[in-house]
file entry.txt (compact mmCIF, N, CA and C atoms)
# COMPACT_ATOMS: atom_id res chain seq x y z
N MET A 210 188.77 93.11 200.69
CA MET A 210 188.87 93.96 201.84
C MET A 210 187.60 94.82 201.90
N PRO A 211 186.86 94.76 202.99
CA PRO A 211 185.64 95.56 203.11
C PRO A 211 185.94 97.06 203.19
N VAL A 212 185.13 97.84 202.49
CA VAL A 212 185.21 99.30 202.55
C VAL A 212 184.05 99.83 203.38
N SER A 213 182.90 99.16 203.28
CA SER A 213 181.72 99.48 204.07
C SER A 213 180.94 98.18 204.28
N ASP A 214 179.72 98.28 204.78
CA ASP A 214 178.91 97.08 204.99
C ASP A 214 178.54 96.40 203.68
N THR A 215 178.46 97.15 202.60
CA THR A 215 178.02 96.58 201.32
C THR A 215 179.07 96.62 200.21
N PHE A 216 180.13 97.40 200.36
CA PHE A 216 181.17 97.49 199.32
C PHE A 216 182.47 96.85 199.80
N SER A 217 183.16 96.18 198.87
CA SER A 217 184.48 95.65 199.15
C SER A 217 185.33 95.73 197.89
N VAL A 218 186.63 95.72 198.05
CA VAL A 218 187.57 95.72 196.95
C VAL A 218 188.43 94.46 197.06
N TYR A 219 188.94 94.01 195.92
CA TYR A 219 189.83 92.85 195.93
C TYR A 219 190.95 93.03 194.92
N GLY A 220 192.02 92.34 195.15
CA GLY A 220 193.15 92.36 194.25
C GLY A 220 193.61 90.95 193.94
N LYS A 221 194.27 90.79 192.82
CA LYS A 221 194.80 89.49 192.40
C LYS A 221 196.26 89.65 192.02
N LEU A 222 197.04 88.65 192.32
CA LEU A 222 198.43 88.60 191.91
C LEU A 222 198.79 87.14 191.72
N GLY A 223 199.33 86.80 190.57
CA GLY A 223 199.67 85.41 190.30
C GLY A 223 200.49 85.27 189.04
N ILE A 224 200.57 84.04 188.57
CA ILE A 224 201.30 83.68 187.36
C ILE A 224 200.31 83.09 186.37
N GLY A 225 200.38 83.55 185.13
CA GLY A 225 199.51 83.02 184.08
C GLY A 225 200.34 82.51 182.92
N SER A 226 199.84 81.47 182.28
CA SER A 226 200.49 80.90 181.10
C SER A 226 199.52 81.04 179.93
N THR A 227 199.94 81.73 178.87
CA THR A 227 199.08 81.94 177.71
C THR A 227 199.72 81.36 176.46
N LYS A 228 198.88 81.02 175.50
CA LYS A 228 199.35 80.55 174.19
C LYS A 228 198.50 81.24 173.14
N THR A 229 199.14 82.00 172.26
CA THR A 229 198.43 82.69 171.19
C THR A 229 198.61 81.92 169.89
N THR A 230 197.59 81.99 169.05
CA THR A 230 197.66 81.42 167.70
C THR A 230 197.17 82.49 166.73
N LEU A 231 197.74 82.51 165.57
CA LEU A 231 197.35 83.48 164.54
C LEU A 231 196.78 82.73 163.35
N SER A 232 195.78 83.31 162.74
CA SER A 232 195.21 82.78 161.51
C SER A 232 195.00 83.94 160.55
N SER A 233 194.91 83.64 159.29
CA SER A 233 194.68 84.66 158.26
C SER A 233 195.76 85.74 158.27
N VAL A 234 197.02 85.32 158.36
CA VAL A 234 198.14 86.25 158.28
C VAL A 234 198.92 85.89 157.01
N PRO A 235 198.46 86.35 155.84
CA PRO A 235 199.11 85.97 154.59
C PRO A 235 200.50 86.58 154.44
N ALA A 236 201.43 85.81 153.93
CA ALA A 236 202.78 86.27 153.61
C ALA A 236 203.42 87.01 154.78
N SER A 237 203.29 86.47 155.98
CA SER A 237 203.85 87.10 157.15
C SER A 237 204.76 86.12 157.87
N ASN A 238 205.76 86.63 158.54
CA ASN A 238 206.64 85.76 159.32
C ASN A 238 206.23 85.76 160.79
N ALA A 239 204.98 86.11 161.06
CA ALA A 239 204.46 86.13 162.44
C ALA A 239 203.75 84.82 162.74
N SER A 240 203.85 84.39 163.99
CA SER A 240 203.15 83.19 164.44
C SER A 240 202.81 83.34 165.91
N GLY A 241 202.00 82.44 166.40
CA GLY A 241 201.63 82.47 167.80
C GLY A 241 202.82 82.11 168.68
N ALA A 242 202.67 82.33 169.96
CA ALA A 242 203.75 82.04 170.91
C ALA A 242 203.15 81.75 172.27
N SER A 243 203.94 81.09 173.10
CA SER A 243 203.56 80.85 174.49
C SER A 243 204.32 81.82 175.39
N ARG A 244 203.70 82.19 176.50
CA ARG A 244 204.37 83.08 177.44
C ARG A 244 203.83 82.85 178.84
N THR A 245 204.72 82.83 179.79
CA THR A 245 204.36 82.76 181.21
C THR A 245 204.79 84.08 181.83
N ALA A 246 203.84 84.75 182.49
CA ALA A 246 204.12 86.09 183.04
C ALA A 246 203.23 86.34 184.24
N ALA A 247 203.54 87.41 184.96
CA ALA A 247 202.74 87.81 186.10
C ALA A 247 201.34 88.22 185.64
N THR A 248 200.36 87.91 186.45
CA THR A 248 198.97 88.29 186.21
C THR A 248 198.52 89.14 187.39
N ILE A 249 197.88 90.27 187.09
CA ILE A 249 197.39 91.14 188.15
C ILE A 249 195.92 91.47 187.89
N GLY A 250 195.23 91.89 188.93
CA GLY A 250 193.83 92.27 188.75
C GLY A 250 193.32 93.06 189.94
N LEU A 251 192.26 93.82 189.70
CA LEU A 251 191.59 94.62 190.71
C LEU A 251 190.09 94.51 190.50
N GLY A 252 189.33 94.68 191.57
CA GLY A 252 187.89 94.64 191.40
C GLY A 252 187.14 95.21 192.58
N LEU A 253 185.83 95.38 192.37
CA LEU A 253 184.91 95.88 193.37
C LEU A 253 183.75 94.91 193.51
N GLN A 254 183.19 94.84 194.71
CA GLN A 254 181.99 94.04 194.91
C GLN A 254 180.99 94.85 195.70
N TYR A 255 179.73 94.79 195.25
CA TYR A 255 178.62 95.41 195.96
C TYR A 255 177.68 94.29 196.38
N ASP A 256 177.41 94.18 197.67
CA ASP A 256 176.52 93.15 198.19
C ASP A 256 175.08 93.67 198.15
N VAL A 257 174.31 93.10 197.23
CA VAL A 257 172.90 93.46 197.07
C VAL A 257 172.12 92.99 198.29
N THR A 258 172.41 91.77 198.73
CA THR A 258 171.87 91.18 199.96
C THR A 258 173.04 90.52 200.67
N PRO A 259 172.87 90.02 201.88
CA PRO A 259 173.98 89.32 202.54
C PRO A 259 174.43 88.07 201.79
N ALA A 260 173.58 87.53 200.91
CA ALA A 260 173.93 86.30 200.19
C ALA A 260 174.28 86.52 198.72
N VAL A 261 174.05 87.70 198.16
CA VAL A 261 174.29 87.95 196.73
C VAL A 261 175.09 89.23 196.55
N GLY A 262 176.18 89.12 195.78
CA GLY A 262 177.00 90.28 195.47
C GLY A 262 177.20 90.43 193.97
N ILE A 263 177.42 91.64 193.51
CA ILE A 263 177.73 91.92 192.11
C ILE A 263 179.18 92.39 192.05
N ARG A 264 179.96 91.78 191.15
CA ARG A 264 181.38 92.10 191.02
C ARG A 264 181.71 92.70 189.66
N ALA A 265 182.62 93.65 189.66
CA ALA A 265 183.20 94.20 188.44
C ALA A 265 184.71 94.13 188.61
N GLY A 266 185.41 93.62 187.59
CA GLY A 266 186.85 93.46 187.74
C GLY A 266 187.64 93.72 186.47
N TRP A 267 188.94 93.85 186.67
CA TRP A 267 189.91 94.03 185.59
C TRP A 267 191.09 93.11 185.86
N ASP A 268 191.53 92.38 184.85
CA ASP A 268 192.70 91.51 184.94
C ASP A 268 193.63 91.80 183.76
N ARG A 269 194.94 91.68 183.98
CA ARG A 269 195.93 91.86 182.92
C ARG A 269 196.76 90.59 182.81
N TYR A 270 196.80 90.04 181.59
CA TYR A 270 197.56 88.83 181.30
C TYR A 270 198.67 89.14 180.31
N GLY A 271 199.84 88.56 180.52
CA GLY A 271 200.93 88.70 179.57
C GLY A 271 200.76 87.71 178.44
N MET A 272 201.03 88.13 177.21
CA MET A 272 200.95 87.25 176.05
C MET A 272 202.06 87.60 175.08
N GLY A 273 202.24 86.80 174.06
CA GLY A 273 203.30 87.07 173.11
C GLY A 273 202.94 86.65 171.69
N ILE A 274 203.62 87.26 170.73
CA ILE A 274 203.50 86.90 169.32
C ILE A 274 204.92 86.79 168.77
N ASN A 275 205.18 85.71 168.07
CA ASN A 275 206.49 85.45 167.51
C ASN A 275 206.59 86.12 166.14
N VAL A 276 207.57 87.01 165.97
CA VAL A 276 207.80 87.67 164.69
C VAL A 276 209.27 87.51 164.35
N GLY A 277 209.54 86.82 163.26
CA GLY A 277 210.92 86.63 162.82
C GLY A 277 211.78 85.88 163.83
N GLY A 278 211.20 84.98 164.58
CA GLY A 278 211.96 84.19 165.55
C GLY A 278 212.08 84.84 166.93
N LEU A 279 211.62 86.07 167.08
CA LEU A 279 211.66 86.76 168.37
C LEU A 279 210.24 86.92 168.92
N THR A 280 210.08 86.69 170.22
CA THR A 280 208.76 86.84 170.83
C THR A 280 208.57 88.27 171.31
N ASN A 281 207.55 88.92 170.74
CA ASN A 281 207.17 90.27 171.18
C ASN A 281 206.23 90.13 172.37
N LYS A 282 206.59 90.73 173.49
CA LYS A 282 205.78 90.65 174.69
C LYS A 282 204.68 91.71 174.64
N MET A 283 203.46 91.27 174.95
CA MET A 283 202.31 92.15 174.94
C MET A 283 201.44 91.83 176.15
N ASN A 284 200.45 92.66 176.41
CA ASN A 284 199.52 92.44 177.50
C ASN A 284 198.10 92.44 176.98
N SER A 285 197.24 91.70 177.65
CA SER A 285 195.82 91.66 177.31
C SER A 285 195.02 92.04 178.54
N ASN A 286 194.13 93.01 178.40
CA ASN A 286 193.26 93.44 179.50
C ASN A 286 191.92 92.74 179.37
N VAL A 287 191.43 92.20 180.49
CA VAL A 287 190.13 91.52 180.52
C VAL A 287 189.26 92.22 181.55
N TYR A 288 188.06 92.63 181.14
CA TYR A 288 187.11 93.27 182.02
C TYR A 288 185.95 92.30 182.23
N SER A 289 185.48 92.20 183.48
CA SER A 289 184.43 91.23 183.77
C SER A 289 183.36 91.84 184.68
N LEU A 290 182.17 91.29 184.57
CA LEU A 290 181.04 91.65 185.41
C LEU A 290 180.36 90.35 185.78
N GLY A 291 180.13 90.12 187.06
CA GLY A 291 179.55 88.86 187.48
C GLY A 291 178.84 88.98 188.81
N ALA A 292 178.40 87.81 189.28
CA ALA A 292 177.68 87.74 190.56
C ALA A 292 178.37 86.73 191.45
N ALA A 293 178.30 86.97 192.75
CA ALA A 293 178.85 86.04 193.75
C ALA A 293 177.70 85.63 194.67
N PHE A 294 177.59 84.33 194.93
CA PHE A 294 176.54 83.81 195.78
C PHE A 294 177.17 83.15 196.99
N LYS A 295 176.73 83.51 198.17
CA LYS A 295 177.23 82.91 199.42
C LYS A 295 176.21 81.89 199.90
N LEU A 296 176.69 80.72 200.20
CA LEU A 296 175.79 79.67 200.70
C LEU A 296 175.77 79.63 202.19
call {"tool": "encode", "arguments": {"input": "entry.txt", "output": "structure tokens"}}
result
Amino acid sequence: MPVSDTFSVYGKLGIGSTKTTLSSVPASNASGASRTAATIGLGLQYDVTPAVGIRAGWDRYGMGINVGGLTNKMNSNVYSLGAAFKL
């Protein structure tokens, strides 16, 4: 959604499927797990030129770890910085 001629904001909403694996967990009853959960995100874009934009964003993914046969639900935050090119 444009905020001005050069700035815009965007949002994400969807479903994500994650699979965690654990290593180097000695004498523990914890293991990796799979989880399907809602995924959300927000971001900003600044258009340097009409054909090139710089984006900064945040996404949250649901994940899980199995401990003693029960899956503990957790979230992972991902921050990104990138460029968008319009052809």
call {"tool": "select_by_dssp", "arguments": {"input": "entry.txt", "residues": "chain A", "states": "strand (DSSP E or B)", "output": "PyMOL selection string"}}
result
chain A and resi 211+216-228+239-241+243-256+261-276+279-294
call {"tool": "atom_distance", "arguments": {"input": "entry.txt", "atom1": "atom CA of A:Gly225", "atom2": "atom CA of A:Ile263"}}
result
24.9 Å
call {"tool": "closest_residue", "arguments": {"input": "entry.txt", "among": "A:Thr227, A:Ser232, A:Ser243, A:Ser217", "to": "A:Asn275", "atoms": "all atoms listed in the file"}}
result
A:Ser243
call {"tool": "atom_distance", "arguments": {"input": "entry.txt", "atom1": "atom C of A:Ala260", "atom2": "atom CA of A:Ala292"}}
result
8.9 Å
call {"tool": "closest_residue", "arguments": {"input": "entry.txt", "among": "A:Met210, A:Ala247, A:Val261, A:Ala242", "to": "A:Leu279", "atoms": "only C-alpha atoms"}}
result
A:Ala242
call {"tool": "closest_residue", "arguments": {"input": "entry.txt", "among": "A:Ile274, A:Gly266, A:Thr229, A:Gly241", "to": "A:Gln254", "atoms": "all atoms listed in the file"}}
result
A:Gly266
call {"tool": "closest_residue", "arguments": {"input": "entry.txt", "among": "A:Thr280, A:Ser289, A:Thr248, A:Ser240", "to": "A:Lys221", "atoms": "only N, CA and C atoms"}}
result
A:Thr248
call {"tool": "residues_near_point", "arguments": {"input": "entry.txt", "point": "(178.1, 99.0, 195.0)", "cutoff": "6 Å", "atoms": "only N, CA and C atoms", "output": "short mmCIF file (atom, residue, chain, number, x, y, z; two decimals) with N, CA and C atoms, keeping the file's coordinate frame"}}
result
data_model
loop_
_atom_site.label_atom_id
_atom_site.label_comp_id
_atom_site.auth_asym_id
_atom_site.auth_seq_id
_atom_site.Cartn_x
_atom_site.Cartn_y
_atom_site.Cartn_z
N THR A 215 178.46 97.15 202.60
CA THR A 215 178.02 96.58 201.32
C THR A 215 179.07 96.62 200.21
N PHE A 216 180.13 97.40 200.36
CA PHE A 216 181.17 97.49 199.32
C PHE A 216 182.47 96.85 199.80
N GLN A 254 183.19 94.84 194.71
CA GLN A 254 181.99 94.04 194.91
C GLN A 254 180.99 94.85 195.70
N TYR A 255 179.73 94.79 195.25
CA TYR A 255 178.62 95.41 195.96
C TYR A 255 177.68 94.29 196.38
N ASP A 256 177.41 94.18 197.67
CA ASP A 256 176.52 93.15 198.19
C ASP A 256 175.08 93.67 198.15
#
call {"tool": "residues_around", "arguments": {"input": "entry.txt", "residues": "A:Ser226", "least_positions_apart": "3", "cutoff": "6.5 Å", "atoms": "only N, CA and C atoms", "output": "PDB file with N, CA and C atoms, in the coordinates of the input"}}
result
ATOM      1  N   ARG A 244     203.700  82.190 176.500  1.00  0.00           N
ATOM      2  CA  ARG A 244     204.370  83.080 177.440  1.00  0.00           C
ATOM      3  C   ARG A 244     203.830  82.850 178.840  1.00  0.00           C
ATOM      4  N   THR A 245     204.720  82.830 179.790  1.00  0.00           N
ATOM      5  CA  THR A 245     204.360  82.760 181.210  1.00  0.00           C
ATOM      6  C   THR A 245     204.790  84.080 181.830  1.00  0.00           C
ATOM      7  N   ALA A 246     203.840  84.750 182.490  1.00  0.00           N
ATOM      8  CA  ALA A 246     204.120  86.090 183.040  1.00  0.00           C
ATOM      9  C   ALA A 246     203.230  86.340 184.240  1.00  0.00           C
TER      10      ALA A 246
END
call {"tool": "residues_around", "arguments": {"input": "entry.txt", "residues": "A:Met283", "least_positions_apart": "3", "cutoff": "5 Å", "atoms": "only N, CA and C atoms", "output": "PDB file with N, CA and C atoms, in the frame of the given file"}}
result
ATOM      1  N   GLY A 271     199.840  88.560 180.520  1.00  0.00           N
ATOM      2  CA  GLY A 271     200.930  88.700 179.570  1.00  0.00           C
ATOM      3  C   GLY A 271     200.760  87.710 178.440  1.00  0.00           C
ATOM      4  N   MET A 272     201.030  88.130 177.210  1.00  0.00           N
ATOM      5  CA  MET A 272     200.950  87.250 176.050  1.00  0.00           C
ATOM      6  C   MET A 272     202.060  87.600 175.080  1.00  0.00           C
ATOM      7  N   GLY A 273     202.240  86.800 174.060  1.00  0.00           N
ATOM      8  CA  GLY A 273     203.300  87.070 173.110  1.00  0.00           C
ATOM      9  C   GLY A 273     202.940  86.650 171.690  1.00  0.00           C
TER      10      GLY A 273
END
call {"tool": "axis_aligned_box", "arguments": {"input": "entry.txt", "around": "stretch 282-290 of chain A", "padding_each_side": "4 Å", "output": "JSON"}}
result
{"center_x": 193.5, "center_y": 91.9, "center_z": 179.6, "size_x": 34.2, "size_y": 11.1, "size_z": 20.3}
call {"tool": "closest_residue", "arguments": {"input": "entry.txt", "among": "A:Val218, A:Ile224, A:Leu296, A:Ala239", "to": "A:Trp267", "atoms": "only C-alpha atoms"}}
result
A:Val218
call {"tool": "closest_residue", "arguments": {"input": "entry.txt", "among": "A:Asp268, A:Val276, A:Leu251, A:Gly262", "to": "A:Ala293", "atoms": "all atoms listed in the file"}}
result
A:Gly262
call {"tool": "atom_distance", "arguments": {"input": "entry.txt", "atom1": "atom C of A:Leu231", "atom2": "atom N of A:Arg269"}}
result
22.6 Å
